[in-house]
Amino acid sequence: MAVPKVCGLETEYGIVVVGAENNPVAASGVLINAYMAEIGRSTGFDVSEESPGRDARMIHEVSVLDPDPELESIPVNTMLTNGARYYVDHAHPEMSTPEVRTALEAVCWDRAGEEILRRSMRAARSVLPEGAEIIVHKNNSDGKGNSYGCHENYLVDRAVPFGRIVSGIMSHFVTRQVMCGSGKVGSELLGTSADSVAFQISQRADFFEEEVGLETTVRRPIVNTRDEPHCDADRYRRLHVIAGDANMSETSTFLKVATTAMVLSAVEDGFSDQIPIIAAPVPSIRTISRDPSLRATIEMLDGSRMSAIDIQWTLFELVTDWHARHGGESVGEGVAGRALSEWEAVLTGLESDPESVADRVDWVAKRRIIDAYAARHDLAPTAARLRAIDLQYHDLREGRCLADRAGLRRLIPESEVLTAVSAPPETTRAYFRGRCLDRYADAVIAANWDSIVFDIGTDPLRRVPMPEPLRGTASLVANVIEESPTAADLIRRLAQ
Amino acid sequence: MVERTQRQRSRDGGDDGATEVAEESASAARTDLDDILDEIDEVLETNAEEFVRSYVQKGGQ
């Protein structure tokens with residue numbers, strides 16, 4: 001039986017300063033510190049147990065982090081009361097959502113992350129010189145060959161061989177962009193001119209050079225092998241996914257996470273033999289990205305040719321079959337049904353009239369605006385003005401964000417998003433983390449994904465381990481926290 | 001693929017209502033698009049072309 005697909009999103013935002021020195025590392029720090037100061041909090045994140053160099057293929061473990069000295073001293077790194085991590089990574093502000101139980105919750109806390117970035121931009125204005133401003137974009141490239149990620153994480157069963165996960169998920173990672181690509185004007189593929197492509201489906205497709213690997217910043221692989229579960233490593237893996245775009249459309253985020261969680265569940269439940277295998281994934285991910293007509297076909301391992309939509313239909317039918325036999329408990333029963341009908345509707349729309357999904361699919365929504373603007377003003381396909389529209393689609397500032405004007409459907413009520421700015425999900429250990437940070441702020445010395453360290457006034461410091469992502473939920477610990485006025489009370493009650 | 005699409009649709013049951021709704025929303029979308037195009041020049045970043053030319057990020061993950 002597939003393990004629950006606990007999941008989360010990590011987004012590195014584009015950042016630029018106008019009206020003052022444009023130093024992205026310093027600006028990212030200013031942004032986060034201004035926000036933390038405004039909400040009156042500061043809690044350290046304990047990185048001592050991070051090991052992003054651990055490889056799921058058990059090949060080797062490289063030394064920690066990046067040798068770039070600029071990155072050695074992480075200036076800002078904090079956990080929020082909603083269970084998220086907000087920090088500076090590789091010269092970008094990064095928001096990792098709390099771990100959640102369903103794709104709908106992932107959308108909610110991803111949107112809460114956007115709201116936190118928006119509030120951070122406002123807070124930063126008060127500490128910057130008059131007229132200066134930090135602008136944040138939720139995108140994945142600068143149009144000049146520099147890319148930064150929106151990663152996803154899924155809990156998978158350690159007992160399932162990693163090779164089976166790789167071969168099971170590859171076709172989805174190459175083709176799901178038709179539903180969740182964010183769209184891009186021009187090419188950033190090394191060795192091609194920027195004007196060689198008018199518009200492509202994915203922001204990220206130009207940057208994948210390997211099928212499988214450990215890297216995330218160079219020679220990026222479609223399937224990343226980082227093996228750092230942040231939980232019980234004997235029972236689980238955390239599949240770290242780097243082959244996705246940051247989405248403005250809630251439906252694109254929902255489908256990205258829900259379909260991936262379901263395909264992974266089907267693989268865990270033994271359906272992987274029926275998954276179509278793509279002969280050459282790296283060229284194929286680019287071919288599909290560069291064909292907004294969706295008619296291109298790619299070669300399969302068995303010599304046949306399929307379009308991205310054909311492959312998506314095959315995966316859809318396989319997952320429908322999986323759902324009929326196993327139920328959708330691993331991804332949340334109600335969410336599975338909703339995701340299947342949305343998946344079917346979007347594929348049907350893409351196949352018959354792509355414009356019909358302009359209210360749900362980012363690349364379609366963006367392309368529609370760009371094409372119409374180009375036609376109205378008689379612009380060349382990759383004109384600077386069209387690149388500016390592309391960029392500003394992702395601008396998070398109120399009033400400037402073009403995605404806000406694109407007529408995208410909302411899945412999550414605004415009130416729930418605003419609640420999620422400070423409140424954790426109730427369905428995972430993020431609840432315990434977030435509530436402790438809120439209620440015992442002064443006593444929390446460090447908070448990590450899988451532990452919290454408390455100073456309860458008497459030596460030694462107390463570390464509370466959280467190796468199981470589904471313990472520490474509201475139903476399990478809300479009462480204990482409610483009945484513990486201090487951290488010392490909490491520790492005493494947890495020890496009982 | 002046409003066959004498959006028809007099968008998918010027929011499984012949803014009666015489709016006429018859905019088609020009407022889709023047509024209405026498509027027409028609404030066209031109106032909205034004209035509105036967006038009307039607004040876009042006011043909303044675009046000042047010196048948008050220069051802004052996008054000088055927009056350079058450090059690579060990340």
# chains A, B, ... in the order shown; residues from 1 in each chain; ligands from 1
>>> interface_residues(of="chain B", to="chain A", cutoff="6 Å", atoms="only C-alpha atoms", output="list in words")
Val43, Ala48, Glu49, Val52, Val56, Gln57, Gly59, Gly60 and Gln61 of chain B
>>> write_last_selection(atoms="N, CA and C atoms", output="PDB file, in the first residue's frame")
ATOM      1  N   VAL B  43       0.095  49.367 -16.436  1.00  0.00           N
ATOM      2  CA  VAL B  43       0.544  48.509 -15.342  1.00  0.00           C
ATOM      3  C   VAL B  43       2.004  48.097 -15.491  1.00  0.00           C
ATOM      4  N   ALA B  48       9.771  49.390 -19.101  1.00  0.00           N
ATOM      5  CA  ALA B  48       9.686  47.925 -19.038  1.00  0.00           C
ATOM      6  C   ALA B  48      10.763  47.244 -19.876  1.00  0.00           C
ATOM      7  N   GLU B  49      11.057  47.814 -21.031  1.00  0.00           N
ATOM      8  CA  GLU B  49      12.032  47.151 -21.899  1.00  0.00           C
ATOM      9  C   GLU B  49      13.423  47.188 -21.280  1.00  0.00           C
ATOM     10  N   VAL B  52      13.518  44.719 -18.244  1.00  0.00           N
ATOM     11  CA  VAL B  52      13.682  43.296 -18.560  1.00  0.00           C
ATOM     12  C   VAL B  52      15.081  43.024 -19.116  1.00  0.00           C
ATOM     13  N   VAL B  56      18.834  40.516 -14.232  1.00  0.00           N
ATOM     14  CA  VAL B  56      19.794  39.410 -14.192  1.00  0.00           C
ATOM     15  C   VAL B  56      19.770  38.807 -12.796  1.00  0.00           C
ATOM     16  N   GLN B  57      19.635  37.489 -12.726  1.00  0.00           N
ATOM     17  CA  GLN B  57      19.618  36.784 -11.449  1.00  0.00           C
ATOM     18  C   GLN B  57      20.854  35.896 -11.342  1.00  0.00           C
ATOM     19  N   GLY B  59      22.228  32.293 -10.623  1.00  0.00           N
ATOM     20  CA  GLY B  59      21.643  30.962 -10.718  1.00  0.00           C
ATOM     21  C   GLY B  59      21.425  30.401  -9.328  1.00  0.00           C
ATOM     22  N   GLY B  60      20.414  29.580  -9.187  1.00  0.00           N
ATOM     23  CA  GLY B  60      20.139  28.923  -7.917  1.00  0.00           C
ATOM     24  C   GLY B  60      20.018  27.438  -8.148  1.00  0.00           C
ATOM     25  N   GLN B  61      19.135  26.825  -7.395  1.00  0.00           N
ATOM     26  CA  GLN B  61      19.014  25.367  -7.500  1.00  0.00           C
ATOM     27  C   GLN B  61      18.215  24.962  -8.736  1.00  0.00           C
TER      28      GLN B  61
END
>>> residues_around(residues="segment 268-285 of chain A", least_positions_apart="4", cutoff="6 Å", atoms="only C-alpha atoms", output="MDAnalysis selection string")
chainID A and resid 1:2 168 174 299:301
>>> closest_residue(among="A:Arg463, A:Arg305, A:His377, A:Arg439", to="Leu37 of chain B", atoms="only C-alpha atoms")
A:His377
>>> residues_around(residues="Asp455 of chain A", least_positions_apart="5", cutoff="10 Å", atoms="only C-alpha atoms", output="VMD selection string")
chain A and resid 440 442 to 446 460 to 463 487 to 488
>>> residues_around(residues="Ile201 of chain A", least_positions_apart="3", cutoff="12 Å", atoms="only C-alpha atoms", output="PyMOL selection string")
chain A and resi 174-187+197-198+204-206+244-245+285-294+308+361-367
>>> write_last_selection(atoms="N, CA and C atoms", output="CSV table (one decimal), in the first residue's frame")
chain,number,residue,atom,x,y,z
A,174,VAL,N,8.7,14.5,-17.7
A,174,VAL,CA,8.9,15.1,-19.0
A,174,VAL,C,7.7,15.7,-19.6
A,175,THR,N,6.5,15.1,-19.3
A,175,THR,CA,5.3,15.6,-20.0
A,175,THR,C,4.3,16.4,-19.2
A,176,ARG,N,4.4,16.4,-17.9
A,176,ARG,CA,3.4,17.1,-17.1
A,176,ARG,C,3.4,18.6,-17.3
A,177,GLN,N,4.5,19.1,-17.9
A,177,GLN,CA,4.6,20.5,-18.2
A,177,GLN,C,3.5,21.1,-19.0
A,178,VAL,N,2.8,20.2,-19.8
A,178,VAL,CA,1.7,20.7,-20.6
A,178,VAL,C,0.5,21.2,-19.7
A,179,MET,N,0.5,20.7,-18.4
A,179,MET,CA,-0.5,21.2,-17.5
A,179,MET,C,0.1,22.3,-16.5
A,180,CYS,N,1.4,22.2,-16.3
A,180,CYS,CA,1.9,23.0,-15.2
A,180,CYS,C,3.2,23.8,-15.6
A,181,GLY,N,3.4,23.9,-16.9
A,181,GLY,CA,4.5,24.8,-17.3
A,181,GLY,C,4.0,26.2,-17.1
A,182,SER,N,5.0,27.1,-16.8
A,182,SER,CA,4.6,28.5,-16.6
A,182,SER,C,4.8,29.4,-17.9
A,183,GLY,N,5.4,28.8,-18.9
A,183,GLY,CA,5.5,29.6,-20.2
A,183,GLY,C,6.7,30.5,-20.2
A,184,LYS,N,7.3,30.7,-21.3
A,184,LYS,CA,8.5,31.6,-21.4
A,184,LYS,C,8.7,32.1,-22.8
A,185,VAL,N,9.0,33.3,-23.0
A,185,VAL,CA,9.3,33.9,-24.3
A,185,VAL,C,10.8,33.6,-24.5
A,186,GLY,N,11.1,33.0,-25.6
A,186,GLY,CA,12.5,32.8,-26.0
A,186,GLY,C,13.2,31.6,-25.5
A,187,SER,N,14.5,31.4,-25.9
A,187,SER,CA,15.2,30.2,-25.6
A,187,SER,C,16.4,30.6,-24.6
A,197,VAL,N,13.4,30.6,-30.3
A,197,VAL,CA,12.1,30.0,-30.0
A,197,VAL,C,11.2,31.2,-29.6
A,198,ALA,N,10.0,31.3,-30.2
A,198,ALA,CA,9.2,32.4,-29.8
A,198,ALA,C,8.6,32.3,-28.4
A,204,ARG,N,11.7,26.0,-17.2
A,204,ARG,CA,12.9,25.2,-16.7
A,204,ARG,C,13.5,24.2,-17.8
A,205,ALA,N,12.7,23.9,-18.8
A,205,ALA,CA,13.1,22.8,-19.7
A,205,ALA,C,14.5,23.0,-20.3
A,206,ASP,N,14.9,24.3,-20.5
A,206,ASP,CA,16.2,24.5,-21.1
A,206,ASP,C,17.4,24.1,-20.2
A,244,GLY,N,10.3,21.2,-12.2
A,244,GLY,CA,9.0,21.8,-12.3
A,244,GLY,C,9.2,23.3,-12.3
A,245,ASP,N,8.1,24.0,-12.8
A,245,ASP,CA,8.1,25.5,-12.8
A,245,ASP,C,7.4,26.0,-11.6
A,285,ILE,N,12.2,16.5,-23.2
A,285,ILE,CA,11.6,17.5,-22.3
A,285,ILE,C,11.6,18.9,-23.0
A,286,ARG,N,12.7,19.1,-23.8
A,286,ARG,CA,12.9,20.3,-24.6
A,286,ARG,C,11.9,20.4,-25.8
A,287,THR,N,11.8,19.2,-26.5
A,287,THR,CA,11.0,19.2,-27.7
A,287,THR,C,9.5,19.5,-27.3
A,288,ILE,N,9.1,19.0,-26.2
A,288,ILE,CA,7.7,19.2,-25.7
A,288,ILE,C,7.6,20.7,-25.3
A,289,SER,N,8.6,21.2,-24.6
A,289,SER,CA,8.5,22.6,-24.2
A,289,SER,C,8.4,23.6,-25.4
A,290,ARG,N,9.1,23.2,-26.4
A,290,ARG,CA,9.2,24.1,-27.6
A,290,ARG,C,8.0,23.9,-28.6
A,291,ASP,N,7.0,23.2,-28.2
A,291,ASP,CA,5.9,22.9,-29.1
A,291,ASP,C,4.6,23.3,-28.5
A,292,PRO,N,4.2,24.6,-28.4
A,292,PRO,CA,2.9,24.9,-27.8
A,292,PRO,C,1.7,24.4,-28.6
A,293,SER,N,2.0,23.9,-29.8
A,293,SER,CA,0.9,23.3,-30.6
A,293,SER,C,0.5,22.0,-30.0
A,294,LEU,N,1.4,21.4,-29.2
A,294,LEU,CA,1.2,20.1,-28.6
A,294,LEU,C,1.1,18.9,-29.5
A,308,ALA,N,3.0,14.4,-26.0
A,308,ALA,CA,3.0,14.6,-24.5
A,308,ALA,C,1.6,14.3,-24.0
A,361,VAL,N,-4.3,27.0,-16.7
A,361,VAL,CA,-2.9,26.6,-17.1
A,361,VAL,C,-2.1,27.8,-17.3
A,362,ASP,N,-1.0,27.9,-16.6
A,362,ASP,CA,-0.2,29.1,-16.7
A,362,ASP,C,0.3,29.5,-18.1
A,363,TRP,N,0.9,28.5,-18.7
A,363,TRP,CA,1.6,28.8,-20.0
A,363,TRP,C,0.5,29.3,-21.0
A,364,VAL,N,-0.7,28.7,-20.9
A,364,VAL,CA,-1.7,29.1,-21.8
A,364,VAL,C,-2.2,30.5,-21.5
A,365,ALA,N,-2.4,30.8,-20.2
A,365,ALA,CA,-2.8,32.1,-19.8
A,365,ALA,C,-1.8,33.2,-20.3
A,366,LYS,N,-0.5,32.9,-20.1
A,366,LYS,CA,0.5,33.9,-20.4
A,366,LYS,C,0.6,34.0,-21.9
A,367,ARG,N,0.6,32.9,-22.7
A,367,ARG,CA,0.7,33.0,-24.1
A,367,ARG,C,-0.4,33.8,-24.8
>>> atom_distance(atom1="atom CA of Ala375 of chain A", atom2="atom CA of Leu33 of chain B")
12.6 Å
>>> atom_distance(atom1="atom CA of Val319 of chain A", atom2="atom CA of Arg237 of chain A")
21.4 Å
>>> select_by_dssp(residues="segment 41-246 of chain A", states="helix (DSSP H, G or I)", output="ChimeraX atom specification")
/A:69-72,103-125,162-175,177-180,194-196,205-207
>>> write_last_selection(atoms="C-alpha atoms", output="PDB file, in the first residue's frame")
ATOM      1  CA  PRO A  69      32.124  31.432   0.229  1.00  0.00           C
ATOM      2  CA  GLU A  70      29.183  33.790  -0.194  1.00  0.00           C
ATOM      3  CA  LEU A  71      26.929  30.900   0.657  1.00  0.00           C
ATOM      4  CA  GLU A  72      28.936  29.592   3.584  1.00  0.00           C
ATOM      5  CA  ALA A 103      -2.182  18.821  -2.961  1.00  0.00           C
ATOM      6  CA  LEU A 104      -4.948  21.264  -2.004  1.00  0.00           C
ATOM      7  CA  GLU A 105      -3.141  22.077   1.228  1.00  0.00           C
ATOM      8  CA  ALA A 106       0.059  22.491  -0.803  1.00  0.00           C
ATOM      9  CA  VAL A 107      -1.706  25.124  -2.929  1.00  0.00           C
ATOM     10  CA  CYS A 108      -2.956  26.907   0.188  1.00  0.00           C
ATOM     11  CA  TRP A 109       0.450  27.155   1.897  1.00  0.00           C
ATOM     12  CA  ASP A 110       2.186  27.983  -1.390  1.00  0.00           C
ATOM     13  CA  ARG A 111      -0.190  30.924  -1.782  1.00  0.00           C
ATOM     14  CA  ALA A 112       0.405  31.859   1.859  1.00  0.00           C
ATOM     15  CA  GLY A 113       4.103  31.922   0.954  1.00  0.00           C
ATOM     16  CA  GLU A 114       3.370  34.430  -1.830  1.00  0.00           C
ATOM     17  CA  GLU A 115       1.466  36.583   0.648  1.00  0.00           C
ATOM     18  CA  ILE A 116       4.436  36.491   3.052  1.00  0.00           C
ATOM     19  CA  LEU A 117       6.753  37.616   0.233  1.00  0.00           C
ATOM     20  CA  ARG A 118       4.319  40.439  -0.581  1.00  0.00           C
ATOM     21  CA  ARG A 119       4.251  41.552   3.060  1.00  0.00           C
ATOM     22  CA  SER A 120       8.046  41.290   3.142  1.00  0.00           C
ATOM     23  CA  MET A 121       8.357  43.626   0.150  1.00  0.00           C
ATOM     24  CA  ARG A 122       6.136  46.160   1.929  1.00  0.00           C
ATOM     25  CA  ALA A 123       8.067  45.813   5.190  1.00  0.00           C
ATOM     26  CA  ALA A 124      11.393  46.235   3.373  1.00  0.00           C
ATOM     27  CA  ARG A 125      10.340  49.601   1.957  1.00  0.00           C
ATOM     28  CA  PHE A 162      14.778   3.808  -6.105  1.00  0.00           C
ATOM     29  CA  GLY A 163      15.296   2.600  -9.691  1.00  0.00           C
ATOM     30  CA  ARG A 164      11.612   1.725  -9.880  1.00  0.00           C
ATOM     31  CA  ILE A 165      10.664   5.215  -8.774  1.00  0.00           C
ATOM     32  CA  VAL A 166      12.994   6.742 -11.378  1.00  0.00           C
ATOM     33  CA  SER A 167      11.640   4.705 -14.273  1.00  0.00           C
ATOM     34  CA  GLY A 168       8.068   5.136 -13.025  1.00  0.00           C
ATOM     35  CA  ILE A 169       8.108   8.910 -12.682  1.00  0.00           C
ATOM     36  CA  MET A 170      10.341   9.971 -15.611  1.00  0.00           C
ATOM     37  CA  SER A 171       7.600  10.064 -18.271  1.00  0.00           C
ATOM     38  CA  HIS A 172       5.446  12.213 -16.014  1.00  0.00           C
ATOM     39  CA  PHE A 173       8.269  14.678 -15.299  1.00  0.00           C
ATOM     40  CA  VAL A 174       8.944  15.059 -19.024  1.00  0.00           C
ATOM     41  CA  THR A 175       5.296  15.567 -20.039  1.00  0.00           C
ATOM     42  CA  GLN A 177       4.628  20.536 -18.214  1.00  0.00           C
ATOM     43  CA  VAL A 178       1.656  20.683 -20.600  1.00  0.00           C
ATOM     44  CA  MET A 179      -0.509  21.220 -17.478  1.00  0.00           C
ATOM     45  CA  CYS A 180       1.907  23.017 -15.205  1.00  0.00           C
ATOM     46  CA  ALA A 194      17.509  33.686 -27.443  1.00  0.00           C
ATOM     47  CA  ASP A 195      15.305  34.388 -30.444  1.00  0.00           C
ATOM     48  CA  SER A 196      15.373  30.827 -31.757  1.00  0.00           C
ATOM     49  CA  ALA A 205      13.126  22.764 -19.669  1.00  0.00           C
ATOM     50  CA  ASP A 206      16.196  24.535 -21.128  1.00  0.00           C
ATOM     51  CA  PHE A 207      18.172  23.745 -17.982  1.00  0.00           C
TER      52      PHE A 207
END
